[in-house]
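Here the structure is laid out as structure tokens; the discussion comes afterwards.
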Amino acid sequence: MKVAVISDIHSNLNGLEWAISDAQSRNVDQIIFLGDYITDGYQDNEVLDLVREYGEIQISGNRERIFETFDFNHVPINLEPIAWTYANLTQANRKYIRALPKVEEIKLGNYRVLVIHGDGFEHYPSIEKAFDNLITVYDFNVCLFGHSHDAQNYYYGNKYFINPGSVGIPITQYGYQYKIVTFYPELSIATYNRQTYHHLSTVVEDYKQSQYYRDNPLWASLILRNIITSEDSGPKFWRCFHEVATSYNHLSLSDQWRLAFSLYNTRHCKSKHRCIPKIPDNSL
């Protein structure tokens, strides 16, 4: 039994279509989706339609669950891209993401498989401690998880922990990644990738022409830079934001947000990959 495991699509239809097509060409028996299908792009509905069509197992990620407690009456600037996503989802897809399970426990071949998204691991002092918690709570041989966008395999506590990476926002030089796990006659794991420079000019142009990009230029340009460079921009940006928030705590969140992007541009971006619009600030 061959199973494609796909995670962290983040509205990237181009990456998802490649992964599904590639998996089908390798004669997989089913596809399992690990969540974070939406936000950070402009093709949320199209992505959800494909996940519903092709996914044998589909669970929620933190990006689907964020709307359970989202306050739409008070949306700060840093959450405006999230609110944009929900506003542009169809009613059918809003209902669909609300109904997604958070966890699935299934049997594949001779293996008991735990299917989760993996958010919350960052609250543990180490990934092994997060695994320990799962081992205490669930009965499984194999755990499929995503969230970190980092394609890794672990063998810990006599169990396999498999992260397929991301087909939406890559963070390594390998670009889009997913995995095929064979559960019978014996367990084997293969990683497949596609460099993001394939058809990149078209992807970039379409993204920049989207309403999402026009309405959320700062955050959207950070995501687009991530796709272009296959570099994990998030930690660097959030360090800049924390520095700005600490040093300029008298400013509003909106001003801090804009200054953080300006600082990020100054420190980390080549001109062609800047998070635009560039906001000059003489104090940075």
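Chain identifiers are assigned as A, B, and so on, following the order in which chains appear in the structure tokens; residues are numbered from 1 within each chain, and ligands are numbered from 1 in order of appearance.
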
Test item, strand (DSSP E) assignment across region 45-253 of chain A, answer as a ChimeraX atom specification: /A:55-58,104-108,111-115,142-144,152-156,159-163,176-182,188-194

Surrounding residues of Gly165 (chain A) excluding itself and chain neighbours under 6 positions, 7 Å, only C-alpha atoms, as a PyMOL selection string: chain A and resi 7+146+149-151+177-178

Per-residue nearest contacts of region 131-172 of chain A to region 185-196 of chain A (9 Å; only C-alpha atoms) as a Markdown table:
```
| residue | atom | partner | partner_atom | distance |
| --- | --- | --- | --- | --- |
| A:Ala151 | CA | A:Thr191 | CA | 7.9 |
| A:Asn153 | CA | A:Ile189 | CA | 8.4 |
| A:Ile162 | CA | A:Ile189 | CA | 8.5 |
| A:Pro164 | CA | A:Thr191 | CA | 7.3 |
| A:Gly165 | CA | A:Thr191 | CA | 8.9 |
| A:Val167 | CA | A:Asn193 | CA | 8.5 |
| A:Pro170 | CA | A:Thr196 | CA | 8.2 |
```

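Nearest-residue note for Ser11 (chain A): choosing from A:Gln91, A:Gln30, A:Ser166, A:Thr172, the minimum distance belongs to A:Ser166, counting only C-alpha atoms.
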
Backbone-only DSSP, helix (DSSP H, G or I) members of region 194-272 of chain A, as a count of residues only: 60

Non-local contacts of Ile9 (chain A) (12 Å; only C-alpha atoms; under 6 positions in same chain excluded) as a ChimeraX atom specification: /A:15-20,33-44,46-48,50-51,60-61,63-64,146-149,164-170,176-178,227

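Across A:Leu263, A:Ile180, A:Ala92, A:Val142, the tightest approach to Asn27 (chain A) is made by A:Ile180 when counting only C-alpha atoms.
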
Can you check which parts of region 125-220 of chain A lie within 9 Å of region 73-90 of chain A? Per residue, the shortest pair of atoms and distance in Å to one decimal, counting only C-alpha atoms, sorted by chain and number, as a tab-separated table.
```
residue	atom	partner	partner_atom	distance
A:Tyr212	CA	A:Trp84	CA	7.5
A:Asp215	CA	A:Pro81	CA	8.1
A:Asn216	CA	A:Pro81	CA	6.1
A:Trp219	CA	A:Pro81	CA	7.4
A:Ala220	CA	A:Pro81	CA	8.2
```

Go ahead and dump the residues you just picked, N, CA and C atoms, as a CSV table (one decimal), in the first residue's frame.
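selection_16.csv written:
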```csv
chain,number,residue,atom,x,y,z
A,212,TYR,N,-5.4,39.3,-3.3
A,212,TYR,CA,-4.8,39.1,-2.0
A,212,TYR,C,-3.5,39.9,-1.9
A,215,ASP,N,-4.3,43.7,-1.6
A,215,ASP,CA,-4.9,44.0,-0.3
A,215,ASP,C,-4.0,43.8,0.9
A,216,ASN,N,-3.0,43.0,0.7
A,216,ASN,CA,-2.1,42.6,1.8
A,216,ASN,C,-0.6,42.7,1.3
A,219,TRP,N,2.6,41.5,3.9
A,219,TRP,CA,2.7,40.1,4.3
A,219,TRP,C,2.8,39.2,3.0
A,220,ALA,N,2.0,39.6,2.0
A,220,ALA,CA,2.0,38.8,0.7
A,220,ALA,C,3.4,38.8,0.1
```

Near-Glu122 (chain A) list (12 Å; only C-alpha atoms; drop same-chain fewer than 5 positions) as a list in words: Ile127, Glu128, Lys129, Ala130, Phe131, His147 and Ser148 of chain A

Using only C-alpha atoms, tabulate the residues of region 123-144 of chain A lying at most 12 Å from any atom of region 104-110 of chain A, each with its closest atom pair and that distance in Å to one decimal, by chain and increasing residue number, as a tab-separated table.
```
residue	atom	partner	partner_atom	distance
A:Val137	CA	A:Glu105	CA	11.9
A:Tyr138	CA	A:Glu105	CA	8.6
A:Asp139	CA	A:Glu105	CA	8.7
A:Phe140	CA	A:Glu105	CA	8.0
A:Asn141	CA	A:Asn110	CA	9.2
A:Val142	CA	A:Leu108	CA	9.6
A:Cys143	CA	A:Glu105	CA	9.3
A:Leu144	CA	A:Glu104	CA	10.0
```

Store the residues picked out above in a file with N, CA and C atoms, as a PDB file, in the first residue's frame.
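Produced file out.pdb, reproduced below:
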```
ATOM      1  N   VAL A 137      -0.394   9.494  24.990  1.00  0.00           N
ATOM      2  CA  VAL A 137      -1.821   9.702  24.729  1.00  0.00           C
ATOM      3  C   VAL A 137      -2.383   8.709  23.721  1.00  0.00           C
ATOM      4  N   TYR A 138      -1.605   8.347  22.705  1.00  0.00           N
ATOM      5  CA  TYR A 138      -2.129   7.563  21.587  1.00  0.00           C
ATOM      6  C   TYR A 138      -1.397   6.227  21.449  1.00  0.00           C
ATOM      7  N   ASP A 139      -2.069   5.274  20.811  1.00  0.00           N
ATOM      8  CA  ASP A 139      -1.501   3.959  20.519  1.00  0.00           C
ATOM      9  C   ASP A 139      -1.224   3.889  19.017  1.00  0.00           C
ATOM     10  N   PHE A 140       0.033   3.942  18.615  1.00  0.00           N
ATOM     11  CA  PHE A 140       0.367   3.987  17.193  1.00  0.00           C
ATOM     12  C   PHE A 140       1.767   3.433  16.959  1.00  0.00           C
ATOM     13  N   ASN A 141       2.013   3.071  15.705  1.00  0.00           N
ATOM     14  CA  ASN A 141       3.357   2.686  15.262  1.00  0.00           C
ATOM     15  C   ASN A 141       4.005   3.781  14.425  1.00  0.00           C
ATOM     16  N   VAL A 142       3.142   4.515  13.697  1.00  0.00           N
ATOM     17  CA  VAL A 142       3.614   5.551  12.778  1.00  0.00           C
ATOM     18  C   VAL A 142       2.814   6.818  13.030  1.00  0.00           C
ATOM     19  N   CYS A 143       3.502   7.943  13.114  1.00  0.00           N
ATOM     20  CA  CYS A 143       2.842   9.243  13.236  1.00  0.00           C
ATOM     21  C   CYS A 143       3.180  10.086  12.013  1.00  0.00           C
ATOM     22  N   LEU A 144       2.145  10.580  11.348  1.00  0.00           N
ATOM     23  CA  LEU A 144       2.310  11.512  10.236  1.00  0.00           C
ATOM     24  C   LEU A 144       1.980  12.905  10.737  1.00  0.00           C
TER      25      LEU A 144
END
```
